[in-house]
Amino acid sequence: MTYYAEDLTNDAFIKLIEKISLIRTLEGCRLAAYVVYTSRSVAINFIKHRDVQQKHVYYGAKFDLAEKLPSLTDNIIEERIIHQEEITELRDAILKLPEKHKYLLYFKYILEMNDREIANILNIAPDSVRQYLTRARREAKELMEKEMNQRAE
């Protein structure tokens, strides 16, 4: 229970610090009342949150989902690691592309520009942007595959 008291005290102080400019204007009883009501609100919110959590706890030997959680979290972590590696490989491949291809991909997917805007910046025909993007994506994909094959060897 001490753990909760420390957390609640910390949360109350954080709420009060966020309102420090208001607190500095209060005097005497108003200051004390403000601190008491803020602390009270933090405690009430904690109790409500705890009650909601307890409503969603499912008890039962046959249907205990907690036993399955470690395998689920392991899969999620593994998927995140794989995803992060793929992002790193894509970044490395894009860095090896010619400048024009880098800019095309940056403008299209990072800045979310349309084909006409990209064409104006790069001084190319708007109808050609899609074709250039296809080439840039294809070249990036080939570089990624080449890198993956080299790592596999």
# chains A, B, ... in the order shown; residues from 1 in each chain; ligands from 1

call {"tool": "residues_around", "arguments": {"residues": "Ala140 of chain A", "least_positions_apart": "4", "cutoff": "10 Å", "atoms": "only C-alpha atoms", "output": "PDB file with N, CA and C atoms, in the first residue's frame"}}
result
ATOM      1  N   GLU A  89      17.450  -1.895 -43.319  1.00  0.00           N
ATOM      2  CA  GLU A  89      17.909  -2.318 -44.644  1.00  0.00           C
ATOM      3  C   GLU A  89      17.375  -1.391 -45.724  1.00  0.00           C
ATOM      4  N   LEU A  90      16.114  -0.977 -45.593  1.00  0.00           N
ATOM      5  CA  LEU A  90      15.540  -0.057 -46.571  1.00  0.00           C
ATOM      6  C   LEU A  90      16.260   1.286 -46.535  1.00  0.00           C
ATOM      7  N   ARG A  91      16.538   1.795 -45.338  1.00  0.00           N
ATOM      8  CA  ARG A  91      17.255   3.064 -45.206  1.00  0.00           C
ATOM      9  C   ARG A  91      18.625   2.970 -45.874  1.00  0.00           C
ATOM     10  N   ASP A  92      19.339   1.877 -45.602  1.00  0.00           N
ATOM     11  CA  ASP A  92      20.665   1.701 -46.191  1.00  0.00           C
ATOM     12  C   ASP A  92      20.590   1.633 -47.713  1.00  0.00           C
ATOM     13  N   ALA A  93      19.561   0.962 -48.221  1.00  0.00           N
ATOM     14  CA  ALA A  93      19.400   0.851 -49.672  1.00  0.00           C
ATOM     15  C   ALA A  93      19.097   2.222 -50.279  1.00  0.00           C
ATOM     16  N   ILE A  94      18.240   2.989 -49.628  1.00  0.00           N
ATOM     17  CA  ILE A  94      17.889   4.312 -50.151  1.00  0.00           C
ATOM     18  C   ILE A  94      19.098   5.234 -50.156  1.00  0.00           C
ATOM     19  N   LEU A  95      19.947   5.122 -49.155  1.00  0.00           N
ATOM     20  CA  LEU A  95      21.144   5.960 -49.105  1.00  0.00           C
ATOM     21  C   LEU A  95      22.098   5.669 -50.263  1.00  0.00           C
ATOM     22  N   LYS A  96      22.027   4.467 -50.815  1.00  0.00           N
ATOM     23  CA  LYS A  96      22.900   4.100 -51.934  1.00  0.00           C
ATOM     24  C   LYS A  96      22.316   4.494 -53.292  1.00  0.00           C
ATOM     25  N   LEU A  97      21.081   4.960 -53.311  1.00  0.00           N
ATOM     26  CA  LEU A  97      20.441   5.337 -54.572  1.00  0.00           C
ATOM     27  C   LEU A  97      21.047   6.635 -55.112  1.00  0.00           C
ATOM     28  N   HIS A 101      16.737   9.702 -57.361  1.00  0.00           N
ATOM     29  CA  HIS A 101      15.840   8.683 -56.820  1.00  0.00           C
ATOM     30  C   HIS A 101      15.574   8.923 -55.338  1.00  0.00           C
ATOM     31  N   LYS A 102      16.604   9.321 -54.606  1.00  0.00           N
ATOM     32  CA  LYS A 102      16.422   9.638 -53.186  1.00  0.00           C
ATOM     33  C   LYS A 102      15.397  10.754 -53.023  1.00  0.00           C
ATOM     34  N   LEU A 105      11.750   9.609 -53.792  1.00  0.00           N
ATOM     35  CA  LEU A 105      11.156   8.828 -52.702  1.00  0.00           C
ATOM     36  C   LEU A 105      10.880   9.692 -51.472  1.00  0.00           C
ATOM     37  N   THR A 134       8.654   4.420 -59.919  1.00  0.00           N
ATOM     38  CA  THR A 134       8.710   2.964 -60.093  1.00  0.00           C
ATOM     39  C   THR A 134      10.151   2.501 -60.205  1.00  0.00           C
ATOM     40  N   ARG A 135      10.950   3.218 -60.976  1.00  0.00           N
ATOM     41  CA  ARG A 135      12.367   2.864 -61.119  1.00  0.00           C
ATOM     42  C   ARG A 135      13.101   2.993 -59.783  1.00  0.00           C
ATOM     43  N   ALA A 136      12.819   4.058 -59.049  1.00  0.00           N
ATOM     44  CA  ALA A 136      13.489   4.272 -57.757  1.00  0.00           C
ATOM     45  C   ALA A 136      13.126   3.165 -56.777  1.00  0.00           C
ATOM     46  N   MET A 144      18.230  -3.782 -51.610  1.00  0.00           N
ATOM     47  CA  MET A 144      17.893  -4.481 -50.361  1.00  0.00           C
ATOM     48  C   MET A 144      18.117  -5.981 -50.509  1.00  0.00           C
ATOM     49  N   GLU A 145      17.635  -6.542 -51.606  1.00  0.00           N
ATOM     50  CA  GLU A 145      17.797  -7.980 -51.837  1.00  0.00           C
ATOM     51  C   GLU A 145      19.275  -8.345 -51.948  1.00  0.00           C
ATOM     52  N   LYS A 146      20.038  -7.497 -52.610  1.00  0.00           N
ATOM     53  CA  LYS A 146      21.473  -7.734 -52.746  1.00  0.00           C
ATOM     54  C   LYS A 146      22.137  -7.742 -51.366  1.00  0.00           C
TER      55      LYS A 146
END

call {"tool": "residues_around", "arguments": {"residues": "Leu16 of chain A", "least_positions_apart": "2", "cutoff": "12 Å", "atoms": "only C-alpha atoms", "output": "VMD selection string"}}
result
chain A and resid 9 to 14 18 to 24 31 to 32 34 to 39 41 to 42

call {"tool": "write_last_selection", "arguments": {"atoms": "C-alpha atoms", "output": "short mmCIF file (atom, residue, chain, number, x, y, z; two decimals), in the first residue's frame"}}
result
data_model
loop_
_atom_site.label_atom_id
_atom_site.label_comp_id
_atom_site.auth_asym_id
_atom_site.auth_seq_id
_atom_site.Cartn_x
_atom_site.Cartn_y
_atom_site.Cartn_z
CA THR A 9 1.83 11.75 -3.85
CA ASN A 10 4.07 11.97 -6.90
CA ASP A 11 1.07 12.32 -9.23
CA ALA A 12 -0.41 15.05 -7.04
CA PHE A 13 2.86 16.99 -7.09
CA ILE A 14 3.04 16.71 -10.86
CA GLU A 18 1.67 22.03 -13.89
CA LYS A 19 -0.44 24.76 -12.24
CA ILE A 20 2.41 26.56 -10.47
CA SER A 21 1.54 29.95 -11.99
CA LEU A 22 -1.99 29.69 -10.56
CA ILE A 23 -0.75 28.40 -7.20
CA ARG A 24 1.54 31.41 -6.79
CA LEU A 31 -3.96 27.60 -1.48
CA ALA A 32 -4.62 24.86 1.08
CA TYR A 34 -6.49 23.89 -3.94
CA VAL A 35 -3.79 21.44 -2.80
CA VAL A 36 -6.33 19.30 -0.90
CA TYR A 37 -8.78 19.13 -3.81
CA THR A 38 -6.02 18.33 -6.30
CA SER A 39 -4.75 15.52 -4.08
CA SER A 41 -8.93 14.27 -7.36
CA VAL A 42 -5.76 12.31 -8.00
#

call {"tool": "closest_residue", "arguments": {"among": "A:Tyr132, A:Lys55, A:Lys141, A:Lys100", "to": "Asp115 of chain A", "atoms": "only C-alpha atoms"}}
result
A:Tyr132

call {"tool": "decode", "arguments": {"residues": "segment 18-45 of chain A", "atoms": "N, CA and C atoms", "output": "PDB file, in the first residue's frame"}}
result
ATOM      1  N   GLU A  18       2.214  21.556 -12.630  1.00  0.00           N
ATOM      2  CA  GLU A  18       1.666  22.027 -13.895  1.00  0.00           C
ATOM      3  C   GLU A  18       0.865  23.326 -13.720  1.00  0.00           C
ATOM      4  N   LYS A  19       0.369  23.559 -12.526  1.00  0.00           N
ATOM      5  CA  LYS A  19      -0.442  24.755 -12.241  1.00  0.00           C
ATOM      6  C   LYS A  19       0.296  25.750 -11.341  1.00  0.00           C
ATOM      7  N   ILE A  20       1.612  25.749 -11.378  1.00  0.00           N
ATOM      8  CA  ILE A  20       2.410  26.564 -10.469  1.00  0.00           C
ATOM      9  C   ILE A  20       2.105  28.056 -10.609  1.00  0.00           C
ATOM     10  N   SER A  21       1.836  28.523 -11.818  1.00  0.00           N
ATOM     11  CA  SER A  21       1.539  29.954 -11.986  1.00  0.00           C
ATOM     12  C   SER A  21       0.246  30.327 -11.270  1.00  0.00           C
ATOM     13  N   LEU A  22      -0.749  29.449 -11.282  1.00  0.00           N
ATOM     14  CA  LEU A  22      -1.991  29.691 -10.557  1.00  0.00           C
ATOM     15  C   LEU A  22      -1.767  29.602  -9.054  1.00  0.00           C
ATOM     16  N   ILE A  23      -1.001  28.618  -8.633  1.00  0.00           N
ATOM     17  CA  ILE A  23      -0.748  28.401  -7.204  1.00  0.00           C
ATOM     18  C   ILE A  23      -0.055  29.616  -6.583  1.00  0.00           C
ATOM     19  N   ARG A  24       0.829  30.239  -7.307  1.00  0.00           N
ATOM     20  CA  ARG A  24       1.545  31.406  -6.786  1.00  0.00           C
ATOM     21  C   ARG A  24       0.617  32.594  -6.512  1.00  0.00           C
ATOM     22  N   THR A  25      -0.521  32.600  -7.174  1.00  0.00           N
ATOM     23  CA  THR A  25      -1.457  33.713  -6.958  1.00  0.00           C
ATOM     24  C   THR A  25      -2.397  33.454  -5.776  1.00  0.00           C
ATOM     25  N   LEU A  26      -2.477  32.214  -5.293  1.00  0.00           N
ATOM     26  CA  LEU A  26      -3.386  31.868  -4.198  1.00  0.00           C
ATOM     27  C   LEU A  26      -2.736  32.140  -2.846  1.00  0.00           C
ATOM     28  N   GLU A  27      -3.569  32.451  -1.876  1.00  0.00           N
ATOM     29  CA  GLU A  27      -3.065  32.725  -0.532  1.00  0.00           C
ATOM     30  C   GLU A  27      -3.866  31.947   0.499  1.00  0.00           C
ATOM     31  N   GLY A  28      -3.218  31.602   1.594  1.00  0.00           N
ATOM     32  CA  GLY A  28      -3.853  31.024   2.777  1.00  0.00           C
ATOM     33  C   GLY A  28      -4.771  29.860   2.509  1.00  0.00           C
ATOM     34  N   CYS A  29      -6.037  30.061   2.859  1.00  0.00           N
ATOM     35  CA  CYS A  29      -7.038  28.991   2.777  1.00  0.00           C
ATOM     36  C   CYS A  29      -7.265  28.521   1.348  1.00  0.00           C
ATOM     37  N   ARG A  30      -7.221  29.447   0.416  1.00  0.00           N
ATOM     38  CA  ARG A  30      -7.440  29.065  -0.986  1.00  0.00           C
ATOM     39  C   ARG A  30      -6.318  28.146  -1.478  1.00  0.00           C
ATOM     40  N   LEU A  31      -5.101  28.442  -1.102  1.00  0.00           N
ATOM     41  CA  LEU A  31      -3.965  27.604  -1.480  1.00  0.00           C
ATOM     42  C   LEU A  31      -4.114  26.209  -0.876  1.00  0.00           C
ATOM     43  N   ALA A  32      -4.448  26.154   0.408  1.00  0.00           N
ATOM     44  CA  ALA A  32      -4.617  24.860   1.080  1.00  0.00           C
ATOM     45  C   ALA A  32      -5.751  24.074   0.438  1.00  0.00           C
ATOM     46  N   ALA A  33      -6.857  24.737   0.156  1.00  0.00           N
ATOM     47  CA  ALA A  33      -7.998  24.050  -0.459  1.00  0.00           C
ATOM     48  C   ALA A  33      -7.625  23.528  -1.843  1.00  0.00           C
ATOM     49  N   TYR A  34      -6.896  24.319  -2.600  1.00  0.00           N
ATOM     50  CA  TYR A  34      -6.493  23.891  -3.941  1.00  0.00           C
ATOM     51  C   TYR A  34      -5.623  22.628  -3.870  1.00  0.00           C
ATOM     52  N   VAL A  35      -4.673  22.606  -2.961  1.00  0.00           N
ATOM     53  CA  VAL A  35      -3.786  21.441  -2.800  1.00  0.00           C
ATOM     54  C   VAL A  35      -4.594  20.226  -2.367  1.00  0.00           C
ATOM     55  N   VAL A  36      -5.517  20.413  -1.405  1.00  0.00           N
ATOM     56  CA  VAL A  36      -6.329  19.298  -0.902  1.00  0.00           C
ATOM     57  C   VAL A  36      -7.212  18.742  -2.015  1.00  0.00           C
ATOM     58  N   TYR A  37      -7.891  19.606  -2.750  1.00  0.00           N
ATOM     59  CA  TYR A  37      -8.778  19.132  -3.810  1.00  0.00           C
ATOM     60  C   TYR A  37      -8.008  18.475  -4.956  1.00  0.00           C
ATOM     61  N   THR A  38      -6.839  18.971  -5.266  1.00  0.00           N
ATOM     62  CA  THR A  38      -6.019  18.333  -6.298  1.00  0.00           C
ATOM     63  C   THR A  38      -5.596  16.937  -5.854  1.00  0.00           C
ATOM     64  N   SER A  39      -5.151  16.820  -4.617  1.00  0.00           N
ATOM     65  CA  SER A  39      -4.749  15.515  -4.084  1.00  0.00           C
ATOM     66  C   SER A  39      -5.935  14.563  -4.052  1.00  0.00           C
ATOM     67  N   ARG A  40      -7.081  15.083  -3.644  1.00  0.00           N
ATOM     68  CA  ARG A  40      -8.303  14.273  -3.583  1.00  0.00           C
ATOM     69  C   ARG A  40      -8.674  13.778  -4.982  1.00  0.00           C
ATOM     70  N   SER A  41      -8.599  14.646  -5.981  1.00  0.00           N
ATOM     71  CA  SER A  41      -8.935  14.267  -7.360  1.00  0.00           C
ATOM     72  C   SER A  41      -8.004  13.191  -7.883  1.00  0.00           C
ATOM     73  N   VAL A  42      -6.733  13.324  -7.570  1.00  0.00           N
ATOM     74  CA  VAL A  42      -5.757  12.311  -8.004  1.00  0.00           C
ATOM     75  C   VAL A  42      -6.101  10.964  -7.378  1.00  0.00           C
ATOM     76  N   ALA A  43      -6.444  10.955  -6.101  1.00  0.00           N
ATOM     77  CA  ALA A  43      -6.794   9.711  -5.412  1.00  0.00           C
ATOM     78  C   ALA A  43      -8.075   9.101  -5.981  1.00  0.00           C
ATOM     79  N   ILE A  44      -9.076   9.926  -6.227  1.00  0.00           N
ATOM     80  CA  ILE A  44     -10.335   9.426  -6.791  1.00  0.00           C
ATOM     81  C   ILE A  44     -10.108   8.842  -8.178  1.00  0.00           C
ATOM     82  N   ASN A  45      -9.330   9.520  -9.006  1.00  0.00           N
ATOM     83  CA  ASN A  45      -9.021   8.990 -10.344  1.00  0.00           C
ATOM     84  C   ASN A  45      -8.298   7.652 -10.254  1.00  0.00           C
TER      85      ASN A  45
END
